[in-house]
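Participant: Quick one: the structure is below, and I'll ask about it shortly.
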Amino acid sequence: MHRSRFSTLLIDVPRDEVPAAAGFWSAALGVPARPVPGEEQFTSLREAFPGLVMAIQAVDDQARYHLDIETDDVDAETARLTDLGAVEVNRWLNCRILRAPGGHLLCVIPLHSDPGTFEKYAQVWD
């Protein structure tokens with residue numbers, strides 16, 4: 001048994017376009033855009049969606065959206081999603097990068113949210 005939840009929506013933006021994107025999304029959503037200390041590739045849009053993390057991620061690739069699924073068992077959640085048709089395309093630190101049917105990227109990440117938030121929103125899988 002393991003648990004997981006949709007935890008994060010990331011707006012992937014080419015590095016040189018991050019300031020403009022941060023300004024746009026901050027104004028569009030009515031929330032501040034703040035750099036994440038120690039993780040310079042991320043600009044937080046905290047409180048845009050209660051219970052979820054939303055951020056801009058500087059990438060050396062094309063603009064896109066991707067989501068993160070946080071879990072208490074990265075191996076089990078990766079296996080569950082690949083059984084559903086996703087394909088593992090890469091690994092980064094303790095995270096797994098998958099491509100879902102239809103071509104969208106998602107990451108399976110270890111727990112990072114407040115334990116109470118995880119408990120409230122996580123699904124339990126056998």
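Each chain in the structure tokens gets a letter, A, B and so on, in the order shown; residues start at 1 in every chain, and ligands are counted from 1 in the order they appear.
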List every residue of stretch 44-79 of chain A that DSSP, applied to the backbone, labels as helix (DSSP H, G or I), and write the result as a short mmCIF file (atom, residue, chain, number, x, y, z; two decimals) with N, CA, C and O atoms, in the first residue's frame.

Facilitator:
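Ended up saving to out_9.cif:
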```
data_model
loop_
_atom_site.label_atom_id
_atom_site.label_comp_id
_atom_site.auth_asym_id
_atom_site.auth_seq_id
_atom_site.Cartn_x
_atom_site.Cartn_y
_atom_site.Cartn_z
N VAL A 74 8.03 6.33 -4.13
CA VAL A 74 8.29 6.70 -5.53
C VAL A 74 8.29 5.47 -6.44
O VAL A 74 7.72 5.51 -7.53
N ASP A 75 8.91 4.37 -6.01
CA ASP A 75 8.94 3.16 -6.84
C ASP A 75 7.54 2.62 -7.11
O ASP A 75 7.20 2.29 -8.24
N ALA A 76 6.72 2.53 -6.06
CA ALA A 76 5.37 1.98 -6.22
C ALA A 76 4.50 2.89 -7.08
O ALA A 76 3.75 2.41 -7.94
N GLU A 77 4.60 4.20 -6.89
CA GLU A 77 3.78 5.12 -7.69
C GLU A 77 4.23 5.12 -9.15
O GLU A 77 3.40 5.15 -10.06
N THR A 78 5.53 5.05 -9.38
CA THR A 78 6.02 4.96 -10.75
C THR A 78 5.51 3.69 -11.42
O THR A 78 5.03 3.73 -12.57
N ALA A 79 5.55 2.58 -10.72
CA ALA A 79 5.04 1.32 -11.27
C ALA A 79 3.55 1.42 -11.55
O ALA A 79 3.08 0.95 -12.60
#
```

Participant: So that I can see what lies close to A:Ala55, please list as a list in words the residues with an atom at most 10 Å from it, counting only C-alpha atoms and leaving out residues fewer than 4 positions away in the same chain.

Facilitator: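 My list of contacting residues is Thr8, Leu9, Leu10, Ile11, Asp12, Ala22, Trp25, Ala33, Arg34, Pro35, Val36, Gln41, Phe42, Thr43, Ser44, Leu45, Arg46 and Ala48 of chain A.
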
Participant: Using C-alpha atoms, can you export the residues from the last selection as a short mmCIF file (atom, residue, chain, number, x, y, z; two decimals), in the first residue's frame?

Facilitator:
```
data_model
loop_
_atom_site.label_atom_id
_atom_site.label_comp_id
_atom_site.auth_asym_id
_atom_site.auth_seq_id
_atom_site.Cartn_x
_atom_site.Cartn_y
_atom_site.Cartn_z
CA THR A 8 2.21 20.68 -8.05
CA LEU A 9 1.44 22.48 -11.29
CA LEU A 10 4.57 23.79 -12.99
CA ILE A 11 4.69 26.29 -15.81
CA ASP A 12 7.91 25.42 -17.64
CA ALA A 22 6.44 35.56 -13.63
CA TRP A 25 1.12 34.93 -14.00
CA ALA A 33 5.76 35.70 -7.69
CA ARG A 34 8.73 34.93 -5.45
CA PRO A 35 12.01 33.11 -6.09
CA VAL A 36 12.33 29.86 -4.14
CA GLN A 41 15.10 27.54 -11.21
CA PHE A 42 11.72 27.97 -9.44
CA THR A 43 9.55 31.05 -8.96
CA SER A 44 6.68 30.36 -6.57
CA LEU A 45 3.10 31.47 -7.22
CA ARG A 46 2.11 30.56 -3.69
CA ALA A 48 -2.74 30.49 -6.44
#
```

Participant: Between atom CA of A:Ala27 and atom CA of A:Ser7, measure the distance and give it in Å to one decimal.

Facilitator: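 Here the two named atoms are 22.4 Å from each other.
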
Participant: Near A:Phe118, within 9 Å and counting only C-alpha atoms, which residues show up once chain neighbours fewer than 4 positions away are dropped, as a PyMOL selection string?

Facilitator: chain A and resi 3-5+7+51+70-71+111-114+122

Participant: Taking 3 positions as the minimum chain separation for residues in the same chain, which residues sit within 9 Å of A:Arg15 when counting only C-alpha atoms? Answer as a count of residues only.

Facilitator: 8

Participant: Distance atom CA of A:Gly38-atom CA of A:Tyr121, one decimal place?

Facilitator: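 Between atom CA of A:Gly38 and atom CA of A:Tyr121 the gap is 26.9 Å.
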
Participant: For a test of reading the model, state the distance in Å between atom CA of A:Gly85 and atom CA of A:Leu52, rounded to one decimal.

Facilitator: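 Between these atoms lies a distance of 24.8 Å.
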
Participant: Could you please write out, as a PDB file with N, CA and C atoms, in the first residue's frame, every residue of chain A that DSSP assigns to strand (DSSP E)?

Facilitator:
```
ATOM      1  N   HIS A   2       0.492   2.236  -0.825  1.00  0.00           N
ATOM      2  CA  HIS A   2       1.172   3.530  -0.806  1.00  0.00           C
ATOM      3  C   HIS A   2       0.139   4.622  -1.067  1.00  0.00           C
ATOM      4  N   ARG A   3       0.572   5.857  -0.881  1.00  0.00           N
ATOM      5  CA  ARG A   3      -0.320   6.996  -1.083  1.00  0.00           C
ATOM      6  C   ARG A   3       0.326   7.978  -2.055  1.00  0.00           C
ATOM      7  N   SER A   4      -0.525   8.720  -2.769  1.00  0.00           N
ATOM      8  CA  SER A   4      -0.019   9.762  -3.656  1.00  0.00           C
ATOM      9  C   SER A   4      -1.094  10.815  -3.865  1.00  0.00           C
ATOM     10  N   ARG A   5      -0.650  11.966  -4.371  1.00  0.00           N
ATOM     11  CA  ARG A   5      -1.598  13.033  -4.697  1.00  0.00           C
ATOM     12  C   ARG A   5      -0.989  13.959  -5.733  1.00  0.00           C
ATOM     13  N   PHE A   6      -1.850  14.585  -6.516  1.00  0.00           N
ATOM     14  CA  PHE A   6      -1.446  15.654  -7.413  1.00  0.00           C
ATOM     15  C   PHE A   6      -1.078  16.821  -6.510  1.00  0.00           C
ATOM     16  N   SER A   7       0.176  17.240  -6.554  1.00  0.00           N
ATOM     17  CA  SER A   7       0.629  18.253  -5.607  1.00  0.00           C
ATOM     18  C   SER A   7       1.070  19.560  -6.242  1.00  0.00           C
ATOM     19  N   THR A   8       1.528  19.514  -7.503  1.00  0.00           N
ATOM     20  CA  THR A   8       2.209  20.679  -8.054  1.00  0.00           C
ATOM     21  C   THR A   8       1.879  20.863  -9.527  1.00  0.00           C
ATOM     22  N   LEU A   9       1.575  22.098  -9.890  1.00  0.00           N
ATOM     23  CA  LEU A   9       1.443  22.484 -11.290  1.00  0.00           C
ATOM     24  C   LEU A   9       2.611  23.398 -11.618  1.00  0.00           C
ATOM     25  N   LEU A  10       3.414  23.001 -12.592  1.00  0.00           N
ATOM     26  CA  LEU A  10       4.569  23.788 -12.994  1.00  0.00           C
ATOM     27  C   LEU A  10       4.376  24.350 -14.389  1.00  0.00           C
ATOM     28  N   ILE A  11       4.687  25.625 -14.516  1.00  0.00           N
ATOM     29  CA  ILE A  11       4.690  26.293 -15.806  1.00  0.00           C
ATOM     30  C   ILE A  11       6.152  26.345 -16.232  1.00  0.00           C
ATOM     31  N   ASP A  12       6.533  25.470 -17.157  1.00  0.00           N
ATOM     32  CA  ASP A  12       7.912  25.416 -17.638  1.00  0.00           C
ATOM     33  C   ASP A  12       8.109  26.513 -18.680  1.00  0.00           C
ATOM     34  N   VAL A  13       9.124  27.355 -18.450  1.00  0.00           N
ATOM     35  CA  VAL A  13       9.357  28.534 -19.276  1.00  0.00           C
ATOM     36  C   VAL A  13      10.834  28.597 -19.650  1.00  0.00           C
ATOM     37  N   PRO A  14      11.164  28.892 -20.918  1.00  0.00           N
ATOM     38  CA  PRO A  14      12.571  29.095 -21.264  1.00  0.00           C
ATOM     39  C   PRO A  14      13.190  30.152 -20.348  1.00  0.00           C
ATOM     40  N   ARG A  34       7.523  34.830  -6.288  1.00  0.00           N
ATOM     41  CA  ARG A  34       8.730  34.931  -5.454  1.00  0.00           C
ATOM     42  C   ARG A  34       9.705  33.815  -5.783  1.00  0.00           C
ATOM     43  N   PRO A  35      11.001  34.160  -5.902  1.00  0.00           N
ATOM     44  CA  PRO A  35      12.010  33.106  -6.090  1.00  0.00           C
ATOM     45  C   PRO A  35      11.978  32.135  -4.914  1.00  0.00           C
ATOM     46  N   PHE A  42      13.142  27.865  -9.734  1.00  0.00           N
ATOM     47  CA  PHE A  42      11.720  27.969  -9.444  1.00  0.00           C
ATOM     48  C   PHE A  42      11.332  29.358  -8.959  1.00  0.00           C
ATOM     49  N   THR A  43      10.182  29.821  -9.448  1.00  0.00           N
ATOM     50  CA  THR A  43       9.548  31.047  -8.960  1.00  0.00           C
ATOM     51  C   THR A  43       8.166  30.644  -8.470  1.00  0.00           C
ATOM     52  N   SER A  44       7.925  30.802  -7.175  1.00  0.00           N
ATOM     53  CA  SER A  44       6.677  30.356  -6.570  1.00  0.00           C
ATOM     54  C   SER A  44       5.525  31.311  -6.872  1.00  0.00           C
ATOM     55  N   VAL A  53       0.836  23.347  -4.954  1.00  0.00           N
ATOM     56  CA  VAL A  53       1.978  24.212  -5.234  1.00  0.00           C
ATOM     57  C   VAL A  53       1.876  24.606  -6.699  1.00  0.00           C
ATOM     58  N   MET A  54       2.047  25.884  -6.984  1.00  0.00           N
ATOM     59  CA  MET A  54       2.120  26.345  -8.374  1.00  0.00           C
ATOM     60  C   MET A  54       3.378  27.179  -8.490  1.00  0.00           C
ATOM     61  N   ALA A  55       4.147  26.918  -9.542  1.00  0.00           N
ATOM     62  CA  ALA A  55       5.396  27.633  -9.716  1.00  0.00           C
ATOM     63  C   ALA A  55       5.777  27.701 -11.189  1.00  0.00           C
ATOM     64  N   ILE A  56       6.635  28.651 -11.485  1.00  0.00           N
ATOM     65  CA  ILE A  56       7.268  28.746 -12.791  1.00  0.00           C
ATOM     66  C   ILE A  56       8.615  28.061 -12.652  1.00  0.00           C
ATOM     67  N   GLN A  57       8.952  27.222 -13.625  1.00  0.00           N
ATOM     68  CA  GLN A  57      10.234  26.529 -13.620  1.00  0.00           C
ATOM     69  C   GLN A  57      11.011  26.953 -14.861  1.00  0.00           C
ATOM     70  N   ALA A  58      12.222  27.481 -14.654  1.00  0.00           N
ATOM     71  CA  ALA A  58      13.099  27.838 -15.765  1.00  0.00           C
ATOM     72  C   ALA A  58      13.647  26.557 -16.374  1.00  0.00           C
ATOM     73  N   VAL A  59      13.494  26.418 -17.698  1.00  0.00           N
ATOM     74  CA  VAL A  59      13.959  25.211 -18.384  1.00  0.00           C
ATOM     75  C   VAL A  59      14.772  25.584 -19.619  1.00  0.00           C
ATOM     76  N   ARG A  64       5.863  24.743 -21.655  1.00  0.00           N
ATOM     77  CA  ARG A  64       4.864  23.695 -21.483  1.00  0.00           C
ATOM     78  C   ARG A  64       4.389  23.735 -20.030  1.00  0.00           C
ATOM     79  N   TYR A  65       3.406  22.941 -19.722  1.00  0.00           N
ATOM     80  CA  TYR A  65       2.956  22.728 -18.349  1.00  0.00           C
ATOM     81  C   TYR A  65       3.279  21.287 -17.991  1.00  0.00           C
ATOM     82  N   HIS A  66       3.614  21.060 -16.742  1.00  0.00           N
ATOM     83  CA  HIS A  66       3.689  19.674 -16.280  1.00  0.00           C
ATOM     84  C   HIS A  66       3.258  19.627 -14.820  1.00  0.00           C
ATOM     85  N   LEU A  67       2.886  18.445 -14.382  1.00  0.00           N
ATOM     86  CA  LEU A  67       2.450  18.313 -12.999  1.00  0.00           C
ATOM     87  C   LEU A  67       3.315  17.314 -12.258  1.00  0.00           C
ATOM     88  N   ASP A  68       3.319  17.472 -10.951  1.00  0.00           N
ATOM     89  CA  ASP A  68       4.030  16.555 -10.070  1.00  0.00           C
ATOM     90  C   ASP A  68       3.017  15.786  -9.236  1.00  0.00           C
ATOM     91  N   ILE A  69       3.304  14.520  -9.057  1.00  0.00           N
ATOM     92  CA  ILE A  69       2.535  13.680  -8.143  1.00  0.00           C
ATOM     93  C   ILE A  69       3.488  13.310  -7.013  1.00  0.00           C
ATOM     94  N   GLU A  70       3.138  13.732  -5.805  1.00  0.00           N
ATOM     95  CA  GLU A  70       3.987  13.392  -4.665  1.00  0.00           C
ATOM     96  C   GLU A  70       3.478  12.109  -4.037  1.00  0.00           C
ATOM     97  N   THR A  71       4.419  11.356  -3.467  1.00  0.00           N
ATOM     98  CA  THR A  71       4.075  10.033  -2.950  1.00  0.00           C
ATOM     99  C   THR A  71       4.966   9.646  -1.781  1.00  0.00           C
ATOM    100  N   VAL A  87       5.287   6.241 -19.579  1.00  0.00           N
ATOM    101  CA  VAL A  87       6.616   5.722 -19.882  1.00  0.00           C
ATOM    102  C   VAL A  87       7.633   6.555 -19.114  1.00  0.00           C
ATOM    103  N   GLU A  88       8.525   5.877 -18.397  1.00  0.00           N
ATOM    104  CA  GLU A  88       9.586   6.611 -17.699  1.00  0.00           C
ATOM    105  C   GLU A  88      10.598   7.094 -18.734  1.00  0.00           C
ATOM    106  N   VAL A  89      10.903   8.405 -18.707  1.00  0.00           N
ATOM    107  CA  VAL A  89      11.828   8.969 -19.693  1.00  0.00           C
ATOM    108  C   VAL A  89      13.131   9.464 -19.083  1.00  0.00           C
ATOM    109  N   ASN A  90      13.151   9.670 -17.757  1.00  0.00           N
ATOM    110  CA  ASN A  90      14.369  10.177 -17.135  1.00  0.00           C
ATOM    111  C   ASN A  90      14.228  10.099 -15.618  1.00  0.00           C
ATOM    112  N   ARG A  91      15.341  10.360 -14.952  1.00  0.00           N
ATOM    113  CA  ARG A  91      15.366  10.480 -13.489  1.00  0.00           C
ATOM    114  C   ARG A  91      16.159  11.725 -13.137  1.00  0.00           C
ATOM    115  N   TRP A  92      15.744  12.379 -12.072  1.00  0.00           N
ATOM    116  CA  TRP A  92      16.442  13.567 -11.583  1.00  0.00           C
ATOM    117  C   TRP A  92      16.363  13.536 -10.067  1.00  0.00           C
ATOM    118  N   CYS A  95      13.532  11.853  -8.104  1.00  0.00           N
ATOM    119  CA  CYS A  95      12.290  11.986  -8.866  1.00  0.00           C
ATOM    120  C   CYS A  95      12.339  11.150 -10.139  1.00  0.00           C
ATOM    121  N   ARG A  96      11.173  10.766 -10.621  1.00  0.00           N
ATOM    122  CA  ARG A  96      11.046  10.054 -11.887  1.00  0.00           C
ATOM    123  C   ARG A  96      10.259  10.937 -12.842  1.00  0.00           C
ATOM    124  N   ILE A  97      10.750  11.075 -14.043  1.00  0.00           N
ATOM    125  CA  ILE A  97      10.073  11.861 -15.069  1.00  0.00           C
ATOM    126  C   ILE A  97       9.392  10.890 -16.026  1.00  0.00           C
ATOM    127  N   LEU A  98       8.084  11.056 -16.173  1.00  0.00           N
ATOM    128  CA  LEU A  98       7.283  10.164 -17.003  1.00  0.00           C
ATOM    129  C   LEU A  98       6.609  10.953 -18.124  1.00  0.00           C
ATOM    130  N   ARG A  99       6.287  10.252 -19.188  1.00  0.00           N
ATOM    131  CA  ARG A  99       5.462  10.815 -20.257  1.00  0.00           C
ATOM    132  C   ARG A  99       4.166  10.011 -20.267  1.00  0.00           C
ATOM    133  N   LEU A 105       4.212  15.563 -19.836  1.00  0.00           N
ATOM    134  CA  LEU A 105       5.176  15.176 -18.816  1.00  0.00           C
ATOM    135  C   LEU A 105       4.558  15.258 -17.432  1.00  0.00           C
ATOM    136  N   LEU A 106       4.999  14.371 -16.568  1.00  0.00           N
ATOM    137  CA  LEU A 106       4.683  14.446 -15.154  1.00  0.00           C
ATOM    138  C   LEU A 106       5.861  13.883 -14.389  1.00  0.00           C
ATOM    139  N   CYS A 107       6.008  14.323 -13.171  1.00  0.00           N
ATOM    140  CA  CYS A 107       7.085  13.833 -12.314  1.00  0.00           C
ATOM    141  C   CYS A 107       6.476  13.154 -11.100  1.00  0.00           C
ATOM    142  N   VAL A 108       7.087  12.064 -10.701  1.00  0.00           N
ATOM    143  CA  VAL A 108       6.747  11.397  -9.449  1.00  0.00           C
ATOM    144  C   VAL A 108       7.831  11.827  -8.472  1.00  0.00           C
ATOM    145  N   ILE A 109       7.407  12.485  -7.389  1.00  0.00           N
ATOM    146  CA  ILE A 109       8.364  13.068  -6.453  1.00  0.00           C
ATOM    147  C   ILE A 109       8.106  12.562  -5.037  1.00  0.00           C
ATOM    148  N   PRO A 110       9.168  12.531  -4.218  1.00  0.00           N
ATOM    149  CA  PRO A 110       8.963  12.161  -2.813  1.00  0.00           C
ATOM    150  C   PRO A 110       8.140  13.233  -2.095  1.00  0.00           C
ATOM    151  N   GLN A 123      -4.519   9.893  -2.119  1.00  0.00           N
ATOM    152  CA  GLN A 123      -5.266   8.672  -2.406  1.00  0.00           C
ATOM    153  C   GLN A 123      -4.455   7.495  -1.881  1.00  0.00           C
ATOM    154  N   VAL A 124      -5.123   6.457  -1.461  1.00  0.00           N
ATOM    155  CA  VAL A 124      -4.460   5.238  -1.003  1.00  0.00           C
ATOM    156  C   VAL A 124      -4.575   4.206  -2.111  1.00  0.00           C
ATOM    157  N   TRP A 125      -3.436   3.584  -2.464  1.00  0.00           N
ATOM    158  CA  TRP A 125      -3.389   2.590  -3.539  1.00  0.00           C
ATOM    159  C   TRP A 125      -2.898   1.269  -2.970  1.00  0.00           C
TER     160      TRP A 125
END
```

Participant: I'd like to know which of A:Lys120, A:Ala86, A:Leu29, A:Phe49 is closest to A:His104, using only C-alpha atoms.

Facilitator: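 Among A:Lys120, A:Ala86, A:Leu29, A:Phe49, it is A:Ala86 that comes nearest to A:His104.
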